[in-house]
Structure formats: structure tokens, C-alpha cells
file data_26.csv (CSV, C-alpha atoms)
chain,number,residue,atom,x,y,z
G,1,ALA,CA,155.4,123.8,111.9
G,2,ALA,CA,154.5,122.4,115.4
G,3,PRO,CA,151.4,124.5,115.9
G,4,ARG,CA,150.2,123.7,112.4
G,5,ALA,CA,150.7,119.9,113.0
G,6,ALA,CA,148.9,120.1,116.3
G,7,ARG,CA,146.0,122.0,114.7
G,8,SER,CA,145.8,119.4,111.9
G,9,LEU,CA,145.7,116.5,114.5
G,10,MET,CA,142.9,118.3,116.3
G,11,LEU,CA,141.0,119.0,113.2
G,12,GLN,CA,141.2,115.3,112.2
G,13,GLN,CA,139.0,114.5,115.2
G,14,VAL,CA,136.3,117.1,114.5
G,15,THR,CA,132.8,115.8,113.9
G,16,PHE,CA,130.3,117.2,111.5
G,17,ALA,CA,128.1,118.1,114.5
G,18,GLU,CA,130.9,120.3,115.9
G,19,LEU,CA,131.5,121.9,112.5
G,20,TRP,CA,127.8,122.6,112.0
G,21,GLN,CA,127.3,124.1,115.5
G,22,VAL,CA,129.9,126.7,114.7
G,23,ALA,CA,129.0,127.3,111.0
G,24,VAL,CA,125.3,127.9,112.0
G,25,VAL,CA,126.5,130.8,114.1
G,26,LEU,CA,129.2,132.3,111.9
G,27,GLU,CA,127.9,131.9,108.4
G,28,PRO,CA,124.5,133.6,108.8
G,29,GLU,CA,126.2,136.4,110.7
G,30,ALA,CA,128.7,136.8,107.9
G,31,ALA,CA,125.9,137.0,105.3
G,32,ARG,CA,124.0,139.6,107.4
G,33,LEU,CA,127.1,141.8,107.7
G,34,ALA,CA,127.9,141.3,104.0
G,35,ALA,CA,124.4,142.6,103.1
G,36,GLN,CA,125.2,145.7,105.1
G,37,SER,CA,128.7,146.4,103.9
G,38,ALA,CA,129.5,144.6,100.6
G,39,THR,CA,131.2,146.7,98.0
G,40,ALA,CA,130.4,146.7,94.3
G,41,ALA,CA,133.5,144.5,93.8
G,42,ASP,CA,132.2,142.0,96.4
G,43,ILE,CA,128.9,141.8,94.7
G,44,GLU,CA,130.7,141.3,91.4
G,45,GLN,CA,132.7,138.4,92.8
G,46,LEU,CA,129.6,136.8,94.3
G,47,ALA,CA,127.8,137.1,91.0
G,48,ALA,CA,130.7,135.5,89.2
G,49,ASN,CA,130.8,132.7,91.7
G,50,VAL,CA,127.1,132.0,91.3
G,51,GLU,CA,127.6,131.9,87.5
G,52,ARG,CA,130.5,129.5,87.9
G,53,LEU,CA,128.3,127.2,90.0
G,54,LYS,CA,125.5,127.4,87.5
G,55,SER,CA,127.9,126.5,84.7
G,56,HIS,CA,129.3,123.7,86.7
G,57,HIS,CA,125.9,122.3,87.5
G,58,LYS,CA,124.8,122.6,83.8
G,59,ASN,CA,128.0,121.0,82.5
G,60,GLY,CA,128.4,118.3,85.2
G,61,GLY,CA,131.8,119.1,86.7
G,62,SER,CA,133.6,117.1,89.4
G,63,MET,CA,132.6,117.0,93.0
G,64,GLN,CA,135.9,118.5,94.0
G,65,GLU,CA,135.4,121.5,91.7
G,66,HIS,CA,131.8,122.0,93.0
G,67,ALA,CA,133.2,121.9,96.6
G,68,GLN,CA,135.8,124.5,95.7
G,69,ILE,CA,133.3,126.9,94.1
G,70,ASP,CA,131.1,126.5,97.1
G,71,ILE,CA,133.9,127.2,99.6
G,72,GLU,CA,134.9,130.2,97.6
G,73,PHE,CA,131.3,131.6,97.8
G,74,HIS,CA,131.2,131.4,101.5
G,75,ALA,CA,134.7,132.8,101.8
G,76,THR,CA,133.7,135.7,99.6
G,77,VAL,CA,130.6,136.4,101.8
G,78,ALA,CA,132.9,136.4,104.8
G,79,ARG,CA,135.3,138.9,103.1
G,80,ALA,CA,132.3,141.0,102.1
G,81,SER,CA,131.3,141.2,105.8
G,82,GLY,CA,134.2,143.5,106.4
G,83,ASN,CA,135.0,141.8,109.6
G,84,ARG,CA,138.5,140.4,109.7
G,85,VAL,CA,138.0,138.5,112.9
G,86,LEU,CA,135.0,136.7,111.5
G,87,MET,CA,137.1,135.8,108.4
G,88,LEU,CA,139.8,134.3,110.6
G,89,ALA,CA,137.3,132.5,112.8
G,90,ARG,CA,135.7,130.7,109.9
G,91,GLU,CA,139.0,129.7,108.2
G,92,PRO,CA,138.8,126.1,109.8
G,93,ILE,CA,135.3,125.8,108.4
G,94,ASN,CA,136.7,126.0,104.9
G,95,LEU,CA,139.2,123.2,105.7
G,96,LEU,CA,136.6,120.9,107.2
G,97,TYR,CA,133.7,121.7,104.8
G,98,ARG,CA,135.2,120.2,101.6
G,99,PRO,CA,135.3,116.6,102.9
G,100,SER,CA,131.8,116.9,104.3
G,101,LEU,CA,130.4,118.3,101.0
G,102,THR,CA,132.1,115.8,98.8
G,103,ARG,CA,131.0,113.0,101.1
G,104,LEU,CA,127.4,114.1,100.7
G,105,GLN,CA,127.6,114.7,97.0
G,106,ALA,CA,128.6,111.1,96.5
G,107,VAL,CA,125.3,110.0,98.0
G,108,LEU,CA,122.9,112.8,97.3
G,109,PRO,CA,122.8,113.9,93.6
G,110,GLN,CA,120.3,116.7,94.5
G,111,LEU,CA,122.8,118.4,96.7
G,112,GLU,CA,124.4,120.4,93.9
G,113,ARG,CA,121.1,121.8,92.7
G,114,ARG,CA,120.0,122.7,96.2
G,115,ASN,CA,123.4,124.4,96.9
G,116,LEU,CA,123.0,126.4,93.7
G,117,ASP,CA,119.5,127.5,94.6
G,118,ALA,CA,120.6,128.6,98.1
G,119,HIS,CA,123.6,130.5,96.8
G,120,LYS,CA,121.4,132.4,94.3
G,121,ARG,CA,119.0,133.4,97.1
G,122,ILE,CA,121.9,134.4,99.5
G,123,PHE,CA,123.5,136.4,96.7
G,124,LYS,CA,120.3,138.2,95.8
G,125,ALA,CA,119.7,139.2,99.4
G,126,ILE,CA,123.3,140.5,99.8
G,127,ALA,CA,123.2,142.4,96.5
G,128,ALA,CA,119.9,143.9,97.6
G,129,GLY,CA,121.3,144.9,100.9
G,130,ASP,CA,118.7,142.8,102.7
G,131,ALA,CA,120.5,141.7,105.9
G,132,GLY,CA,117.6,139.8,107.3
G,133,GLN,CA,117.0,137.7,104.1
G,134,ALA,CA,120.8,137.1,103.7
G,135,GLN,CA,121.0,135.8,107.3
G,136,GLU,CA,117.8,133.7,106.9
G,137,TRP,CA,118.7,132.1,103.6
G,138,THR,CA,122.2,131.2,104.9
G,139,LEU,CA,120.6,129.6,108.0
G,140,LYS,CA,118.2,127.6,105.7
G,141,HIS,CA,121.2,126.6,103.6
G,142,LEU,CA,123.0,125.2,106.6
G,143,ILE,CA,119.9,123.4,108.0
G,144,ASP,CA,119.5,121.8,104.5
G,145,PHE,CA,123.2,120.7,104.7
G,146,GLN,CA,122.6,119.2,108.1
G,147,ARG,CA,119.5,117.4,106.7
G,148,GLY,CA,121.7,115.9,104.0
G,149,TYR,CA,123.6,114.1,106.7
G,150,THR,CA,120.3,112.6,107.9
G,151,LEU,CA,119.2,111.6,104.4
G,152,ALA,CA,122.6,110.1,103.7
G,153,LYS,CA,122.4,108.2,107.0
G,154,ILE,CA,125.7,109.6,108.2
G,155,PRO,CA,125.8,110.1,111.9
G,156,MET,CA,126.6,113.7,112.8
G,157,ASN,CA,129.1,112.6,115.4
G,158,THR,CA,131.3,110.9,112.8
G,159,PRO,CA,134.7,112.5,112.5
G,160,ILE,CA,135.2,114.5,109.3
G,161,GLU,CA,137.8,112.9,107.0
G,162,THR,CA,140.6,115.4,106.8
G,163,HIS,CA,143.4,113.4,105.3
G,164,HIS,CA,143.9,116.1,102.7
G,165,LEU,CA,144.9,118.7,105.2
G,166,GLU,CA,148.5,119.9,105.2

call {"tool": "encode", "arguments": {"input": "data_26.csv", "output": "C-alpha cells"}}
result
Amino acid sequence: AAPRAARSLMLQQVTFAELWQVAVVLEPEAARLAAQSATAADIEQLAANVERLKSHHKNGGSMQEHAQIDIEFHATVARASGNRVLMLAREPINLLYRPSLTRLQAVLPQLERRNLDAHKRIFKAIAAGDAGQAQEWTLKHLIDFQRGYTLAKIPMNTPIETHHLE
């Protein structure tokens, strides 16, 4: 329990800038590798996730549900990369991403639509086996997410609220 508690305390001080600096390296690489090694089952899971996000967007679900679907998409991309070290390295991103996303959703109603558009493009590139496009669209997606912080007037050096972490 002690290492988990220590990790939780450390994560509570992490800023969005720190999260973004790591995500901008790991996430595009995960998408590039996924385009090269995704199985039919991986593609099926990604397609189902995009459909869930479309349905959520159309039916106006909760911010928490949107965040969960989004997190699952990126975790599925990482699994599809076939690189277990990459999957482990990005695990803290999942923990920290949810509060960042819900914080922006509360201020930027266009965020959900933009997320859906990016996920569709990333999915299409992975399904087509186009590593370059998968990597490029994931990077664009992350840059757009960073831009959301600017539009919402939230300083990037603000600690991410992680009170929900166990």
C-alpha cells in the first residue's frame, strides 16, 4: 500500500504541462505502432469505441461517461501497439487524463465533437494500416487538447485535480 500511496501523492502534484509533455511522445507512438500491428480484434474494439462515442455525442451523455469512453479508446490503441512497456508507461496518463478532460468539457462544449472527429480519423488510419497518419492525427489531437487549456484560460502549470485516485 505504501508505494501506491506515495504514487498517489506524487500524481496529485502533476501539472497538465507535465502530462502533456509525456502524452505527446507516448500517444502518437502508440498509434503508429498500432497501425503496424493491430489485430482484427483490436480494430473491432476501436470501431466499437468510436460508435459508443458517436452515440454518446448524439444522445448527450455525461461528461464522466465521455471521459471514460475517451480513455478506453487510447488504452485500446496502446494495447493494439503490441508493446507492453508502452502500455505500462502510459498507465498514469489514464489516471490523470480524466480530470483534465472533464475540467475542459465543463468550459468547452465543442470538445466532445472535436474528440469524436479526432478519434474517427485516428481509427481510420489504424484500420488502414497507415502508421504515418495514425501518428500525425494523434499528435494533432493532443495539440488540440492543449489548445483547449488556452481557450479555457487554464494555466498549463496548474496541478491536475486527482482527488478521485485511490

call {"tool": "closest_residue", "arguments": {"input": "data_26.csv", "among": "G:Val24, G:Ala89, G:Leu46, G:Leu33", "to": "G:Ala134", "atoms": "all atoms listed in the file"}}
result
G:Leu33

call {"tool": "residues_near_point", "arguments": {"input": "data_26.csv", "point": "(126.6, 133.4, 111.3)", "cutoff": "10 Å", "atoms": "only C-alpha atoms", "output": "list in words"}}
result
Val22, Ala23, Val24, Val25, Leu26, Glu27, Pro28, Glu29, Ala30, Ala31, Arg32, Leu33, Ala78, Leu86, Arg90, Gln135, Glu136, Thr138 and Leu139 of chain G

call {"tool": "residues_around", "arguments": {"input": "data_26.csv", "residues": "G:Ser37", "least_positions_apart": "4", "cutoff": "10 Å", "atoms": "only C-alpha atoms", "output": "MDAnalysis selection string"}}
result
chainID G and resid 31:33 42 80:83 126 129 131

call {"tool": "write_last_selection", "arguments": {"input": "data_26.csv", "atoms": "C-alpha atoms", "output": "compact mmCIF listing (two decimals), keeping the file's coordinate frame"}}
result
# COMPACT_ATOMS: atom_id res chain seq x y z
CA ALA G 31 125.90 137.00 105.30
CA ARG G 32 124.00 139.60 107.40
CA LEU G 33 127.10 141.80 107.70
CA ASP G 42 132.20 142.00 96.40
CA ALA G 80 132.30 141.00 102.10
CA SER G 81 131.30 141.20 105.80
CA GLY G 82 134.20 143.50 106.40
CA ASN G 83 135.00 141.80 109.60
CA ILE G 126 123.30 140.50 99.80
CA GLY G 129 121.30 144.90 100.90
CA ALA G 131 120.50 141.70 105.90

call {"tool": "atom_distance", "arguments": {"input": "data_26.csv", "atom1": "atom CA of G:Asp130", "atom2": "atom CA of G:Asn49"}}
result
19.2 Å

call {"tool": "residues_around", "arguments": {"input": "data_26.csv", "residues": "G:Ala106", "least_positions_apart": "4", "cutoff": "10 Å", "atoms": "all atoms listed in the file", "output": "list in words"}}
result
Met63, Leu101, Thr102, Leu111 and Ala152 of chain G

call {"tool": "atom_distance", "arguments": {"input": "data_26.csv", "atom1": "atom CA of G:Ile143", "atom2": "atom CA of G:Glu161"}}
result
20.8 Å

call {"tool": "atom_distance", "arguments": {"input": "data_26.csv", "atom1": "atom CA of G:Gln36", "atom2": "atom CA of G:Ala125"}}
result
10.2 Å

call {"tool": "residues_around", "arguments": {"input": "data_26.csv", "residues": "G:Glu18", "least_positions_apart": "5", "cutoff": "12 Å", "atoms": "all atoms listed in the file", "output": "VMD selection string"}}
result
chain G and resid 11 13 23 to 25 92 to 93 96 to 97 146 156 to 160

call {"tool": "closest_residue", "arguments": {"input": "data_26.csv", "among": "G:Arg147, G:Arg103, G:Arg84, G:His74", "to": "G:Phe123", "atoms": "all atoms listed in the file"}}
result
G:His74

call {"tool": "closest_residue", "arguments": {"input": "data_26.csv", "among": "G:Ala47, G:Leu142, G:Arg121, G:Lys153", "to": "G:Gln21", "atoms": "all atoms listed in the file"}}
result
G:Leu142

call {"tool": "residues_around", "arguments": {"input": "data_26.csv", "residues": "G:His141", "least_positions_apart": "3", "cutoff": "9 Å", "atoms": "all atoms listed in the file", "output": "short mmCIF file (atom, residue, chain, number, x, y, z; two decimals) with C-alpha atoms, in the frame of the given file"}}
result
data_model
loop_
_atom_site.label_atom_id
_atom_site.label_comp_id
_atom_site.auth_asym_id
_atom_site.auth_seq_id
_atom_site.Cartn_x
_atom_site.Cartn_y
_atom_site.Cartn_z
CA ARG G 114 120.00 122.70 96.20
CA ASN G 115 123.40 124.40 96.90
CA ALA G 118 120.60 128.60 98.10
CA HIS G 119 123.60 130.50 96.80
CA ILE G 122 121.90 134.40 99.50
CA GLU G 136 117.80 133.70 106.90
CA TRP G 137 118.70 132.10 103.60
CA THR G 138 122.20 131.20 104.90
CA ASP G 144 119.50 121.80 104.50
CA PHE G 145 123.20 120.70 104.70
CA GLN G 146 122.60 119.20 108.10
#

call {"tool": "closest_residue", "arguments": {"input": "data_26.csv", "among": "G:Ile154, G:Ala41, G:Leu108, G:Leu116", "to": "G:Phe73", "atoms": "only C-alpha atoms"}}
result
G:Leu116
